[in-house]
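In what follows, a structure is listed as structure tokens, so that the remarks can point back to it.
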Amino acid sequence: MTHPLSKKILGVKASPTITLNAKATAMIKQGLPVLSFAVGEPHFPTPQIVVDKAIESMRAGRTKYGAAGGGPELRKAIATKLERENRLKFAPEQIVVGIGAKEILFHLMLTLLNDGDEVLLPAPFWVSYADQVIAAGGVPVIVPVPDSFPANPFDIAEIEKYATPRTVAIVINSPNNPSGYVLNEGKLREIGAWLSKKDWWVISDEIYEYLSFDIEQKSLLEICPDLRDRFILINGFSKSFCMTGWRVGYGAGPQPVMNLVRSLQSHSSTCLPMFIEDASIVAINGGRELMRAEIAEMNSLRKTAIAEFEKIKGLPIVEPQGAFYVFLDLRPFMANTGRFKDTMAICEWLLNDAHVALVPGEAFGAPGFARFSYAVAEEKLREGIARIARALA
Ligand SMILES: Cc1ncc(COP(=O)(O)O)c(C=O)c1O
């Protein structure tokens, strides 16, 4: 007989977005004409100058261990970016760079949470937060999608109902994955005023920052600087610079917190490869300007996606202002057909019958919805929406 496995980790589920995409990929390998809109990455290649720098750096022998938490040059470049683009002052020591924003968030949860501590997750939220909280011994407190959604995507009064004396943190993510909402300055001000009266850690995931199309996404910390002692900013290179596979993300926050995050990394992944750091410096110094064409193209895809989905009767959508997803409201369809018990069942049916892969809203704490990524070539986008229209009809 073996010893029982970790109760904490048994509570963690595999990432459903990755599982679903794996199923779609397997079907494609079998020769089925599946179109996947399930994955969360821009379809553009990484900018050539970033790739070239990595190759040059590898050739120069920058292929050994780097510094835990990121080398000083990259952390300095990030501090400069935060000041230049976000008007935020962080010392390079307050910045930790890791293997994707995902790793930083994971180590952050381990750093912030004691057993039973509650973390507020207003739905819809990115799939991994909840499981990371569980793995860290905390309790994810999911605030269901409110009736006011999407008109009021971050309903403070509703969230307040889920706060308890055990609440220690809240996660805010704007531009939002999966629903594409963007919190504007007025709303950030309102959230800041509310959070100023709490003593919670504020985790602000700003990874889709460059993909905010109608308004500039400001950081909550710029709007509400008095949160600084308990504010942790999360960002990364995956979405902004089309570098998902490079695995570069960072966090910036209070020194004692970031010291522990760095220390945890020194015992897990150790560091980023140095040649990836060198290439990342080229990307971050290029900033938004480097990605101008891709951002414009993504905005054009967004407009096409909105226009095409709006033609489908009985399928309301959350009109996205940011990120690269359209959040489909399948509740009227479910009510009309009476055939499906949940959106997971609809997504399975769409995959098997219409050969279109979406991510069911259950993965984001939002049953009744499904996420469609429009970060694809325009032709594929149009064909995918046409297939959905035919299937729902
Ligand atoms: C909201 C959000 N945060 C964080 C991440 C993690 O990004 P990465 O680990 O690639 O930096 C993702 C990726 O899908 C995301 O959508």
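Identifiers in the structure tokens: chain A, B, ... in order shown; residue index from 1 per chain; ligand index from 1 in order shown.
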
Give me, as a Markdown table, the closest atom pair and its distance (Å, one decimal) for every residue of chain A within a cut-off of 10 Å of ligand 1, counting only C-alpha atoms and all ligand atoms, rows sorted by chain and rising number.
| residue | atom | partner | partner_atom_place_in_ligand_line | distance |
| --- | --- | --- | --- | --- |
| A:Thr17 | CA | ligand 1 | 14 (O) | 9.0 |
| A:Ile18 | CA | ligand 1 | 14 (O) | 9.9 |
| A:Val39 | CA | ligand 1 | 14 (O) | 8.2 |
| A:Gly40 | CA | ligand 1 | 14 (O) | 5.2 |
| A:Glu41 | CA | ligand 1 | 14 (O) | 7.1 |
| A:Gly98 | CA | ligand 1 | 11 (O) | 8.6 |
| A:Ile99 | CA | ligand 1 | 9 (O) | 6.9 |
| A:Gly100 | CA | ligand 1 | 11 (O) | 3.5 |
| A:Ala101 | CA | ligand 1 | 11 (O) | 3.6 |
| A:Lys102 | CA | ligand 1 | 9 (O) | 3.7 |
| A:Glu103 | CA | ligand 1 | 9 (O) | 6.4 |
| A:Ile104 | CA | ligand 1 | 9 (O) | 8.1 |
| A:Leu105 | CA | ligand 1 | 4 (C) | 7.8 |
| A:Phe106 | CA | ligand 1 | 9 (O) | 9.8 |
| A:Phe125 | CA | ligand 1 | 1 (C) | 7.6 |
| A:Trp126 | CA | ligand 1 | 1 (C) | 5.2 |
| A:Val127 | CA | ligand 1 | 16 (O) | 8.1 |
| A:Ser128 | CA | ligand 1 | 4 (C) | 8.0 |
| A:Tyr129 | CA | ligand 1 | 3 (N) | 8.4 |
| A:Ile172 | CA | ligand 1 | 1 (C) | 9.2 |
| A:Asn173 | CA | ligand 1 | 1 (C) | 6.2 |
| A:Ser174 | CA | ligand 1 | 1 (C) | 8.0 |
| A:Pro175 | CA | ligand 1 | 1 (C) | 8.1 |
| A:Asn176 | CA | ligand 1 | 1 (C) | 6.5 |
| A:Asn177 | CA | ligand 1 | 1 (C) | 5.1 |
| A:Pro178 | CA | ligand 1 | 16 (O) | 7.5 |
| A:Ser204 | CA | ligand 1 | 3 (N) | 9.6 |
| A:Asp205 | CA | ligand 1 | 3 (N) | 6.0 |
| A:Glu206 | CA | ligand 1 | 1 (C) | 7.4 |
| A:Ile207 | CA | ligand 1 | 3 (N) | 5.8 |
| A:Tyr208 | CA | ligand 1 | 1 (C) | 7.1 |
| A:Ile234 | CA | ligand 1 | 4 (C) | 7.9 |
| A:Asn235 | CA | ligand 1 | 11 (O) | 7.2 |
| A:Gly236 | CA | ligand 1 | 11 (O) | 4.9 |
| A:Phe237 | CA | ligand 1 | 11 (O) | 6.3 |
| A:Ser238 | CA | ligand 1 | 10 (O) | 4.8 |
| A:Lys239 | CA | ligand 1 | 10 (O) | 7.3 |
| A:Ser240 | CA | ligand 1 | 11 (O) | 9.8 |
| A:Cys242 | CA | ligand 1 | 10 (O) | 9.7 |
| A:Met243 | CA | ligand 1 | 10 (O) | 7.9 |
| A:Thr244 | CA | ligand 1 | 10 (O) | 5.1 |
| A:Gly245 | CA | ligand 1 | 10 (O) | 7.5 |
| A:Trp246 | CA | ligand 1 | 10 (O) | 8.3 |
| A:Arg247 | CA | ligand 1 | 10 (O) | 5.8 |
| A:Val248 | CA | ligand 1 | 11 (O) | 5.8 |
| A:Gly249 | CA | ligand 1 | 11 (O) | 4.7 |
| A:Tyr250 | CA | ligand 1 | 11 (O) | 7.9 |
| A:Ala323 | CA | ligand 1 | 16 (O) | 8.6 |
| A:Phe324 | CA | ligand 1 | 16 (O) | 9.9 |

Segment 30-167 of chain A: residues DSSP assigns to strand (DSSP E or B), reported as a CSV table (one decimal) with N, CA, C and O atoms, in the first residue's frame:
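What landed in out24.csv:
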chain,number,residue,atom,x,y,z
A,35,LEU,N,-11.4,23.3,-36.7
A,35,LEU,CA,-10.8,24.7,-36.5
A,35,LEU,C,-10.9,25.0,-35.0
A,35,LEU,O,-11.9,25.0,-34.4
A,36,SER,N,-9.7,25.3,-34.5
A,36,SER,CA,-9.7,25.6,-33.0
A,36,SER,C,-9.6,27.1,-32.8
A,36,SER,O,-8.8,27.8,-33.3
A,95,ILE,N,11.2,43.7,-8.8
A,95,ILE,CA,10.6,43.0,-10.0
A,95,ILE,C,11.2,41.6,-10.0
A,95,ILE,O,12.4,41.4,-9.8
A,96,VAL,N,10.3,40.6,-10.2
A,96,VAL,CA,10.8,39.2,-10.4
A,96,VAL,C,10.3,38.7,-11.7
A,96,VAL,O,9.1,38.9,-12.1
A,97,VAL,N,11.2,38.2,-12.5
A,97,VAL,CA,10.9,37.6,-13.8
A,97,VAL,C,10.9,36.1,-13.7
A,97,VAL,O,11.8,35.5,-13.1
A,98,GLY,N,9.9,35.5,-14.3
A,98,GLY,CA,9.8,34.0,-14.2
A,98,GLY,C,9.4,33.4,-15.5
A,98,GLY,O,9.2,34.0,-16.5
A,99,ILE,N,9.1,32.1,-15.4
A,99,ILE,CA,8.8,31.3,-16.5
A,99,ILE,C,7.3,31.5,-16.8
A,99,ILE,O,6.4,30.7,-16.4
A,118,GLU,N,-8.8,32.9,2.1
A,118,GLU,CA,-9.7,33.0,1.0
A,118,GLU,C,-9.3,34.1,0.0
A,118,GLU,O,-8.8,35.2,0.4
A,119,VAL,N,-9.4,33.8,-1.3
A,119,VAL,CA,-9.1,34.7,-2.4
A,119,VAL,C,-10.3,34.9,-3.2
A,119,VAL,O,-10.9,34.0,-3.7
A,120,LEU,N,-10.7,36.2,-3.4
A,120,LEU,CA,-11.9,36.5,-4.2
A,120,LEU,C,-11.6,36.5,-5.7
A,120,LEU,O,-10.6,37.1,-6.1
A,121,LEU,N,-12.4,35.7,-6.4
A,121,LEU,CA,-12.2,35.6,-7.8
A,121,LEU,C,-13.5,36.0,-8.5
A,121,LEU,O,-14.4,35.2,-8.7
A,122,PRO,N,-13.6,37.3,-8.9
A,122,PRO,CA,-14.9,37.7,-9.6
A,122,PRO,C,-14.9,37.0,-11.0
A,122,PRO,O,-14.0,37.2,-11.8
A,139,VAL,N,-8.4,29.0,-0.4
A,139,VAL,CA,-9.7,28.7,-0.8
A,139,VAL,C,-10.1,29.7,-1.9
A,139,VAL,O,-10.2,30.9,-1.6
A,140,PRO,N,-10.3,29.3,-3.1
A,140,PRO,CA,-10.8,30.3,-4.1
A,140,PRO,C,-12.3,30.5,-3.9
A,140,PRO,O,-13.1,29.6,-3.8
A,141,VAL,N,-12.6,31.8,-3.7
A,141,VAL,CA,-14.1,32.1,-3.5
A,141,VAL,C,-14.5,32.8,-4.8
A,141,VAL,O,-14.2,33.9,-5.1
A,142,ILE,N,-15.3,32.0,-5.5
A,142,ILE,CA,-15.8,32.4,-6.8
A,142,ILE,C,-17.0,33.3,-6.7
A,142,ILE,O,-18.0,32.9,-6.1
A,143,VAL,N,-16.9,34.5,-7.2
A,143,VAL,CA,-18.1,35.4,-7.2
A,143,VAL,C,-18.8,35.1,-8.6
A,143,VAL,O,-18.2,35.5,-9.6
A,167,THR,N,-11.0,36.6,4.0
A,167,THR,CA,-10.5,37.1,2.7
A,167,THR,C,-9.2,37.7,2.9
A,167,THR,O,-9.0,38.6,3.8

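Candidate residues A:Glu362, A:Glu310, A:Asp278, A:Glu378 were compared for distance to Ala54 of chain A, and the nearest is A:Asp278, using only C-alpha atoms.
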
Straight-line distance linking atom CA of Gly116 of chain A with atom CA of Asp199 of chain A, stated in Å to one decimal: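 Going from atom CA of Gly116 of chain A over to atom CA of Asp199 of chain A, I get 16.9 Å.
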
Long-range neighbours of Leu112 of chain A as a PyMOL selection string, 9 Å cut-off, only C-alpha atoms, 2 positions minimum in chain: chain A and resi 107-110+114+136+168-169+201+257

Output file for the residues above (all heavy atoms, as a compact mmCIF listing (two decimals), in the first residue's frame):
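Written out: out-v6.txt:
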# COMPACT_ATOMS: atom_id res chain seq x y z
N HIS A 107 3.85 31.19 -7.67
CA HIS A 107 4.73 31.45 -6.53
C HIS A 107 4.16 32.55 -5.64
O HIS A 107 4.38 32.55 -4.43
CB HIS A 107 6.13 31.81 -7.03
CG HIS A 107 6.86 30.63 -7.62
ND1 HIS A 107 7.91 30.76 -8.49
CD2 HIS A 107 6.65 29.31 -7.48
CE1 HIS A 107 8.34 29.54 -8.85
NE2 HIS A 107 7.58 28.65 -8.25
N LEU A 108 3.44 33.45 -6.26
CA LEU A 108 2.81 34.53 -5.48
C LEU A 108 1.73 33.95 -4.55
O LEU A 108 1.67 34.31 -3.37
CB LEU A 108 2.21 35.55 -6.44
CG LEU A 108 1.57 36.76 -5.80
CD1 LEU A 108 2.61 37.61 -5.06
CD2 LEU A 108 0.88 37.62 -6.85
N MET A 109 0.92 33.05 -5.07
CA MET A 109 -0.12 32.42 -4.24
C MET A 109 0.55 31.66 -3.08
O MET A 109 0.09 31.74 -1.94
CB MET A 109 -1.00 31.46 -5.05
CG MET A 109 -1.78 32.10 -6.18
SD MET A 109 -2.86 33.44 -5.66
CE MET A 109 -3.62 33.88 -7.24
N LEU A 110 1.62 30.94 -3.37
CA LEU A 110 2.33 30.20 -2.31
C LEU A 110 2.89 31.17 -1.27
O LEU A 110 2.95 30.86 -0.09
CB LEU A 110 3.48 29.37 -2.91
CG LEU A 110 3.06 28.15 -3.72
CD1 LEU A 110 4.25 27.61 -4.53
CD2 LEU A 110 2.53 27.05 -2.81
N ASN A 114 -1.93 31.44 3.60
CA ASN A 114 -1.87 30.40 4.62
C ASN A 114 -3.10 29.51 4.45
O ASN A 114 -4.08 29.90 3.80
CB ASN A 114 -1.84 31.04 6.02
CG ASN A 114 -0.47 31.60 6.32
OD1 ASN A 114 0.52 30.87 6.36
ND2 ASN A 114 -0.38 32.91 6.49
N ALA A 136 -1.94 26.18 -3.31
CA ALA A 136 -1.23 26.91 -2.26
C ALA A 136 -1.90 26.75 -0.90
O ALA A 136 -1.45 27.35 0.08
CB ALA A 136 -1.13 28.39 -2.64
N VAL A 168 -8.20 37.32 2.13
CA VAL A 168 -6.88 37.98 2.21
C VAL A 168 -6.46 38.61 0.88
O VAL A 168 -5.51 39.39 0.86
CB VAL A 168 -5.76 37.02 2.68
CG1 VAL A 168 -6.08 36.42 4.05
CG2 VAL A 168 -5.48 35.93 1.67
N ALA A 169 -7.13 38.23 -0.20
CA ALA A 169 -6.68 38.75 -1.50
C ALA A 169 -7.81 38.76 -2.51
O ALA A 169 -8.81 38.05 -2.35
CB ALA A 169 -5.52 37.90 -2.04
N TRP A 201 -4.54 41.82 -0.12
CA TRP A 201 -3.57 41.89 -1.23
C TRP A 201 -4.37 42.11 -2.51
O TRP A 201 -5.42 41.47 -2.69
CB TRP A 201 -2.79 40.58 -1.35
CG TRP A 201 -1.96 40.24 -0.16
CD1 TRP A 201 -2.20 39.24 0.75
CD2 TRP A 201 -0.74 40.86 0.24
NE1 TRP A 201 -1.21 39.22 1.70
CE2 TRP A 201 -0.30 40.20 1.41
CE3 TRP A 201 0.03 41.92 -0.26
CZ2 TRP A 201 0.87 40.56 2.08
CZ3 TRP A 201 1.19 42.27 0.41
CH2 TRP A 201 1.59 41.59 1.56
N VAL A 257 7.41 40.70 -0.29
CA VAL A 257 6.67 39.69 -1.07
C VAL A 257 7.55 39.20 -2.21
O VAL A 257 7.72 37.98 -2.42
CB VAL A 257 5.36 40.31 -1.64
CG1 VAL A 257 4.66 39.33 -2.57
CG2 VAL A 257 4.44 40.75 -0.52
